[in-house]
Amino acid sequence: MEETKNKVDFKSKMQKLWGLAFLIFLVIVYSIFGKGFFSYSSLQNILLASSILLIIAIGETFVMITGGIDLSVAFTMGLSTVVAAMTMKAMNQMGINAVIIVIVGFVVGIIVCIIPGFLNGLIITKFGIPPIIVTLGMYLIARGVALLLSGGFPIGKQPSLLGKIGNGYLLYYLGSKGFFWGIPPVVAQDLKRYIIQIIPYPVIFLIIILLLSHFILSRTKFGLYTYLIGGNVEAARRAGVNVNMHLTKIYILSSIFAGLAGMIYCFRYTSGTAIAGEARLFDAIAAVVIGGASITGGYGKLIPGTLIGGLTIAVLQTGLVSMGVSTYYQFLAVGIVIILAVVIDKQIPLIYGKR
Amino acid sequence: MNTILRIIEVSKRFGGLLAVDRASVDFYQGDAIGIVGDNGAGKSTLIKMISGVYEPSEGQILFNDKLISGLTPAAIRNLGIETIYQELSLADNLSAYFNIFMGREKTRKLLGLINVLDEKYMEEESKKVLSRLNINIPSLKTDVAFLSGGQRQAVAIGRTIYWNAELLIMDEPTAALGVEESDNVRSIIRKLKEDGVTVIIISHNINEIYDIADRFMVLKNGRIVSVKKKDETCVDAIISMIVSGKEI
């Protein structure tokens, strides 16, 4: 029995460590061979670049732990940016106060996401149709609606406050003048390059969302039932868990996270576009898989799991750019890492023994 | 002996098929009864009517003099009737204590505001219930997937005991177990009987349950062929009744 416990502990530690070790390895390699990779601003940019991807991946982690998948997030994100941007543009043209515009835009952008999420959950649970099919259908529906609403064009003419928040930092530092909270110091043009920007707002947003989500997943009944449904859905039903209700909530949650990612997009790029999330879907799923979640459900963590998965993808992509390698190699690199992640994950129990 | 469960002229039809035909039997507190019979004899259908999965087409089921036929499985569980199915209804990806508390987790307030799982409490309580059954599982934090067959069975039984089951139905409890583990499960069942729990065991293998059962109920084609105390019969007679469908 002691031997079994030791094997289990070792396996669990290996799974946690190999992902982190690989990430550190990548950072070291790129720091040596990449130009300007290992700098404060570069590493901060990696966090910023991964913020949208990670927020989608958080929602996807909840879904994949239940044994499902949500493909619709790509265009739910786009739909949320379009609806939010349309609302804010209209309010901006009416001359409404910018703070009110930003708040209303944010809320509208999130609320609109509840619809595809609810429909996903309802159809999957009521009709027993596999999540991959339902969410693929919703991917196309959300895409169609977003394109129809936007006419296929980005929606601009947003209040300037949006960009100030989306591209702002918590703290600024200028050697001669000290620290500034929230607003950069007003200096001559030639001095601006000496201002050190510390912690972008989207990263703070990501950290808060990630910590809250991790808490819910690891400490609450909601999180436990997510794992339980992924592990043995029949046992969950027999234990009295309302599986259909829980799964519906999970898909709504996934869509809301897509909406939150959409809001970061909106704020950073001061526009809304139907295709905002298209490029992020497979990176988000890759992040969850690289982070150790099982595609059949029951396993997965946000911290360190998905966090390391997301950072690995961001580091891979940024590092290749710093080495002057063609961006097409990014697809190759991420693809190889996903397969490696799943193979290693499967091999560890075979090597160290599992019942 | 105190009668805890009464099945009175219970039948179950599925369309034209009569799966259980006018079954009547009493179950007593602290008694272990083995339900035996060939495939299709009606054993599973009978216990599913007791546990609430099926509603009887005719007849009544009384538990502690309360009519339970027609109640939901959850309501019947709450009354103190627990069922352990052959595949155990465990979540392999969760720890032993989460499995024992499945659906009835203990929570506590964090900072007076948020309900979080009280893992320490659940772990401690699980330790107590497993030691009552003389089961030793070194770490209750380990995923149940890493436990042996006998330990998994013990966790499933522990779950029913913790929630004070008065009647425990076990479907083929030793089917997937080796010799030593089957012996351990039989020891647990003996302990349960000592604690006053009534145990109904379905088994294909009469030899596996002969030692621990006090009575045997033989079913064939949905009918109760015979209910005999152990000192009124023997293994060969029971097998003969299973095959012939006639009381010996």
# chains A, B, ... in the order shown; residues from 1 in each chain; ligands from 1
>>> residues_around(residues="A:Val134", least_positions_apart="6", cutoff="12 Å", atoms="only C-alpha atoms", output="list of chain:residue names")
A:Gly68, A:Ile69, A:Asp70, A:Leu71, A:Ser72, A:Pro116, A:Gly117, A:Phe118, A:Leu119, A:Asn120, A:Gly121, A:Leu122, A:Ile123, A:Ile124, A:Thr125, A:Lys126, A:Phe127, A:Gly128, A:Leu140, A:Ile141, A:Tyr251
>>> select_by_dssp(residues="stretch 19-207 of chain B", states="alpha helix (DSSP H)", output="PyMOL selection string")
chain B and resi 43-51+73-79+96-100+119-132+149-162+179-194+206-207
>>> residues_around(residues="B:Phe216", least_positions_apart="4", cutoff="12 Å", atoms="only C-alpha atoms", output="PyMOL selection string")
chain B and resi 25+27+31-37+199-203+206-207+209-212+224-235+237-239+241-242
>>> residues_around(residues="stretch 187-194 of chain B", least_positions_apart="5", cutoff="9 Å", atoms="only C-alpha atoms", output="list in words")
Gln29, Gly30, Asp31, Ala32, Arg132, Leu133, Asn134, Ile135, Ala154, Ile157, Ile161, Ser182, Val199 and Ile212 of chain B
>>> interface_residues(of="chain B", to="chain A", cutoff="9 Å", atoms="only C-alpha atoms", output="ChimeraX atom specification")
/B:73-74,88-94,98,102-105,107,114-119,137-139,142-143,145-148
>>> write_last_selection(atoms="C-alpha atoms", output="short mmCIF file (atom, residue, chain, number, x, y, z; two decimals), in the first residue's frame")
data_model
loop_
_atom_site.label_atom_id
_atom_site.label_comp_id
_atom_site.auth_asym_id
_atom_site.auth_seq_id
_atom_site.Cartn_x
_atom_site.Cartn_y
_atom_site.Cartn_z
CA PRO B 73 -34.48 6.65 -5.52
CA ALA B 74 -33.25 9.77 -3.69
CA LEU B 88 -19.78 0.55 -7.38
CA SER B 89 -20.75 4.07 -8.52
CA LEU B 90 -17.37 5.47 -7.51
CA ALA B 91 -15.61 8.37 -9.21
CA ASP B 92 -12.10 7.07 -9.96
CA ASN B 93 -10.68 10.57 -10.28
CA LEU B 94 -11.69 11.59 -6.75
CA PHE B 98 -15.04 12.63 -1.66
CA MET B 102 -20.60 12.08 -2.76
CA GLY B 103 -23.70 14.25 -3.15
CA ARG B 104 -23.68 15.13 0.55
CA GLU B 105 -20.44 17.03 0.94
CA THR B 107 -18.96 22.61 3.67
CA ILE B 114 -18.30 31.69 1.02
CA ASN B 115 -19.11 27.99 1.31
CA VAL B 116 -16.00 25.88 0.75
CA LEU B 117 -15.56 22.13 1.01
CA ASP B 118 -14.56 21.00 4.49
CA GLU B 119 -12.04 18.41 3.34
CA ILE B 137 -6.54 2.60 3.49
CA PRO B 138 -3.22 4.42 4.08
CA SER B 139 -4.17 7.66 2.39
CA THR B 142 -5.43 9.06 -3.03
CA ASP B 143 -7.66 8.82 -6.09
CA ALA B 145 -8.52 4.54 -9.12
CA PHE B 146 -5.33 3.55 -7.29
CA LEU B 147 -7.06 1.40 -4.67
CA SER B 148 -7.43 -2.36 -4.89
#
>>> select_by_dssp(residues="stretch 111-230 of chain B", states="strand (DSSP E or B)", output="list in words")
Ile114, Asn115, Val116, Leu117, Asp143, Leu167, Leu168, Ile169, Met170, Asp171, Thr198, Val199, Ile200, Ile201, Ile202, Arg215, Phe216, Met217, Val218, Leu219, Lys220, Arg223, Ile224, Val225, Ser226, Val227, Lys228 and Lys229 of chain B
>>> residues_around(residues="stretch 61-64 of chain B", least_positions_apart="2", cutoff="12 Å", atoms="only C-alpha atoms", output="MDAnalysis selection string")
chainID B and resid 2:11 22:29 46:52 54:59 66:71 76:77 79:81 166:167 198
>>> residues_around(residues="A:Ala74", least_positions_apart="2", cutoff="10 Å", atoms="only C-alpha atoms", output="VMD selection string")
chain A and resid 56 70 to 72 76 to 79 138 to 140 142 to 143 255 258 to 259 262 274 to 282 284
